[in-house]
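Below you'll find the structure, written out as structure tokens, and then a few comments.
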Amino acid sequence: MKKEIEHALSEIAEIEDIDVYGRVSKVQGLLVECIGLHHAVSVGSRCHVVTRNGKKVLVEVVGLDQQKAMLMPYSSVEGIGVGCKVVIDHEESVVYPDMSWQGRIINSLGEPVDDKGPLIKGGKAYPYRNSPPHASKRKPVAGKIDLGVRAINTFLSCCKGQRMGIFAGSGVGKSMLVSMLTKFSKADIKVIGLIGERGRELYEFIHEYLGEEGLKSAVIIAATSDESALMRRQAAYLTMTVSEYFRDQGKNVLCLMDSVTRFAMAQREIGLSAGEPPATKGYTPTVFVEMPQLLERAGPGLPGQGDITGLFSVLVEGDDHNEPISDAVRGILDGHIVLDRAIADRGRYPAINILRSVSRTLPNCNTTEQNQIVSKARSYLSTYEDMAEMIRLGAYRQGSSAEVDEAMLYYPKIEAFLAQEANEHTNLEQCYAIMQNILNGGDAQMPQQDNNVEAANTASANNHKALGQQ
């Protein structure tokens, strides 16, 4: 009897799994409705739609409605029609990162796009959507990171595990600043997510800003503006997933994402297609749920792990820094770097407005001497900006205020210090030393640049202002 049962069980084990499939019932815009699968899938499940010409299109379940499943494709809906077969993809939505991914360029699905062969599969699965370490168990944010940009190093110091936003309207030099941070920042590994940006930026990041040497310590995840909303959203998730892998290996990771706004736009597109009501400026409620879940994944790790220092750019629509996405992101992150169009218009790059920018780790991360330098320089900038209109009109008479006279003396020198070419790098110690020299009455003497670095970046420097306006 026992043998008969074992034989029966072995025969049952050999029976193939039931092939559950559905059929397309409607295609409207980017939304594909399917009947017959609502009982077997959930939101986030993946399926394949077999098109009329026999191709398989990867889709994701974005909503369920009684007898229907609502699907969105990772590519085009071309070839999909009513009656097309929809098959469940049983593979989990995970990726297997590996240390060998350094120096590679991959797409949203974890596939290589750099003609360097297939990616080596790591031993542990990392989900695209992951939860950050519990807040009570994380290490504190500590230890300044050298980002190589004078304005940030001096006035907006960033620590390991901190999350900063770069807020700018179009054409103010946001991408150029991100490029400088990519090239000059000191980190074990840089994970760069290009989310919904121009296709040409991928070439520029590699050949003009990173170079072959810089690429060796970086991983680039790219989803350009012509790709589907799911691919753009997935690229942001994968950027954080890869960062988490390297963090778990004990690395100090610099995660740069350009931009969070494109991620929000992709999520809005998905939400509207799935039938969500538009809320603030057309953004759906899930946008404001997904953003903190994405951004909170950056930050310090657990004891024994590395950190993820996050620098996230935000495209400010209409130069309104209180528009919904900017306002929401500013409340989540640990500081914001504001790029000002008026500063860019007068030719000073990077166009960082020091007085409107904040790093929430200051003043605790600085020494007393450094805080005194920063406080004094900011007071000169503030005093001058308060009187700038009167000074330009000639309505201010020199000698009326000793404080304003002093600010007028130091303001041009501080402005010269803040201006930085794309091929210039200044470390933390040099930044404070130069600023101290300025406040002592000296000039803004910049350090000599390494000849090799300067030669490698000649083209980038020549195009600095032109690229900043794009």
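Just remember, in the structure tokens the first chain shown is A, the second B, etc., residues are 1-based per chain, and ligands are 1-based in the order shown.
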
Give me the residues near Glu111 of chain A as a short mmCIF file (atom, residue, chain, number, x, y, z; two decimals) with C-alpha atoms, in the first residue's frame, where near means some atom within 12 Å (using only C-alpha atoms) and where sequence neighbours in that chain fewer than 5 positions away do not count.
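Done, and the output landed in around32.cif:
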data_model
loop_
_atom_site.label_atom_id
_atom_site.label_comp_id
_atom_site.auth_asym_id
_atom_site.auth_seq_id
_atom_site.Cartn_x
_atom_site.Cartn_y
_atom_site.Cartn_z
CA VAL A 95 17.25 41.14 -9.91
CA TYR A 96 20.57 39.46 -9.02
CA PRO A 97 23.25 42.19 -8.73
CA TRP A 101 28.31 45.13 -12.53
CA ARG A 104 28.31 48.49 -16.83
CA ILE A 105 25.31 50.25 -18.38
CA ILE A 106 21.98 48.49 -17.95
CA LYS A 116 30.15 44.20 -23.13
CA GLY A 117 28.46 40.84 -22.96
CA PRO A 118 25.93 39.39 -20.51
CA LEU A 119 25.83 40.40 -16.86
CA ILE A 120 27.05 37.95 -14.24
CA LYS A 121 24.19 36.85 -12.02
CA ILE A 220 24.52 53.42 -14.95
CA ILE A 221 20.82 52.58 -15.20
CA ALA A 222 19.20 54.34 -18.14
CA ALA A 223 15.59 54.78 -19.28
CA ALA A 235 14.62 52.36 -13.74
CA LEU A 238 16.42 49.40 -10.05
#

Please return as a PyMOL selection string: the residues of segment 213-252 of chain A that backbone DSSP assigns to helix (DSSP H, G or I). chain A and resi 213-215+229-248

Please measure the separation of atom CA of Ala444 of chain A and atom CA of Ile414 of chain A, giving the value in Å to one decimal.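 That distance, rounded to one decimal, is 7.5 Å.
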
Rank nothing, just name the residue among A:Arg297, A:Arg330, A:Lys139, A:Lys56 nearest to Tyr237 of chain A, using only C-alpha atoms.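 Closest to Tyr237 of chain A, using only C-alpha atoms: A:Arg297.
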
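Shortest separation to Leu428 of chain A among A:Ile343, A:Leu156, A:Leu37, A:Met99 occurs at residue A:Leu156, atoms counted being only C-alpha atoms.
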
Near Glu212 of chain A, within 12 Å and counting only C-alpha atoms, which residues show up once chain neighbours fewer than 6 positions away are dropped, as a list in words?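 Counting only C-alpha atoms, the residues come to Gln102, Gly103, Arg104, Lys183, Tyr203, Phe205, Ile206, Ala218 and Ala456 of chain A.
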
Selection file, all heavy atoms, as a compact mmCIF listing (two decimals), in the first residue's frame:
# COMPACT_ATOMS: atom_id res chain seq x y z
N GLN A 102 30.01 46.72 -11.81
CA GLN A 102 30.71 48.01 -11.88
C GLN A 102 31.25 48.22 -13.29
O GLN A 102 31.83 47.31 -13.89
CB GLN A 102 31.87 48.04 -10.89
CG GLN A 102 31.44 47.99 -9.43
CD GLN A 102 32.62 48.08 -8.48
OE1 GLN A 102 33.24 49.13 -8.34
NE2 GLN A 102 32.92 46.98 -7.83
N GLY A 103 31.03 49.42 -13.80
CA GLY A 103 31.49 49.73 -15.15
C GLY A 103 30.51 49.36 -16.24
O GLY A 103 30.81 49.50 -17.42
N ARG A 104 29.29 48.93 -15.84
CA ARG A 104 28.31 48.49 -16.83
C ARG A 104 27.16 49.49 -16.96
O ARG A 104 26.86 50.26 -16.05
CB ARG A 104 27.74 47.12 -16.46
CG ARG A 104 28.77 46.01 -16.35
CD ARG A 104 29.55 45.79 -17.64
NE ARG A 104 28.69 45.47 -18.76
CZ ARG A 104 28.36 44.21 -19.11
NH1 ARG A 104 28.81 43.18 -18.40
NH2 ARG A 104 27.60 43.99 -20.17
N LYS A 183 31.44 63.11 -11.39
CA LYS A 183 32.88 62.99 -11.69
C LYS A 183 33.76 63.20 -10.48
O LYS A 183 34.74 62.49 -10.28
CB LYS A 183 33.25 64.00 -12.78
CG LYS A 183 34.70 63.90 -13.23
CD LYS A 183 34.96 64.79 -14.40
CE LYS A 183 36.40 64.63 -14.88
NZ LYS A 183 36.69 63.28 -15.34
N TYR A 203 25.59 59.25 -23.51
CA TYR A 203 26.91 59.36 -24.15
C TYR A 203 27.76 60.40 -23.43
O TYR A 203 28.96 60.18 -23.18
CB TYR A 203 26.74 59.74 -25.62
CG TYR A 203 28.04 59.84 -26.38
CD1 TYR A 203 28.57 58.73 -27.03
CD2 TYR A 203 28.75 61.05 -26.44
CE1 TYR A 203 29.77 58.82 -27.72
CE2 TYR A 203 29.95 61.14 -27.12
CZ TYR A 203 30.46 60.02 -27.77
OH TYR A 203 31.65 60.11 -28.43
N PHE A 205 27.59 61.45 -20.27
CA PHE A 205 28.02 60.98 -18.96
C PHE A 205 29.24 60.07 -19.07
O PHE A 205 30.18 60.17 -18.28
CB PHE A 205 26.88 60.21 -18.27
CG PHE A 205 26.10 61.03 -17.29
CD1 PHE A 205 24.93 61.65 -17.66
CD2 PHE A 205 26.55 61.18 -16.00
CE1 PHE A 205 24.21 62.42 -16.75
CE2 PHE A 205 25.84 61.95 -15.08
CZ PHE A 205 24.66 62.56 -15.47
N ILE A 206 29.25 59.21 -20.06
CA ILE A 206 30.33 58.23 -20.17
C ILE A 206 31.60 58.87 -20.72
O ILE A 206 32.68 58.73 -20.15
CB ILE A 206 29.90 57.07 -21.09
CG1 ILE A 206 28.69 56.36 -20.50
CG2 ILE A 206 31.05 56.08 -21.29
CD1 ILE A 206 28.03 55.39 -21.45
N ALA A 218 31.41 52.87 -11.41
CA ALA A 218 30.03 53.33 -11.53
C ALA A 218 29.17 52.27 -12.20
O ALA A 218 29.66 51.43 -12.95
CB ALA A 218 29.97 54.63 -12.32
N ALA A 456 41.70 65.87 -19.96
CA ALA A 456 40.60 64.93 -20.24
C ALA A 456 39.26 65.63 -20.30
O ALA A 456 38.32 65.10 -20.88
CB ALA A 456 40.56 63.85 -19.16

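Those residues in segment 162-261 of chain A carrying a DSSP assignment of strand (DSSP E or B), computed from the backbone, are Arg163, Met164, Gly165, Ile166, Phe167, Ala168, Ile189, Lys190, Val191, Ile192, Gly193, Leu194, Ile195, Gly196, Glu197, Ala218, Val219, Ile220, Ile221, Ala222, Ala223, Thr224, Asn252, Val253, Leu254, Cys255, Leu256, Met257 and Asp258 of chain A.
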
Kindly indicate which residue among A:Leu210, A:Ala236, A:Val314, A:Ile80 lies nearest to Gly54 of chain A, using only C-alpha atoms for the distances.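 Smallest separation from Gly54 of chain A among the options: A:Ile80.
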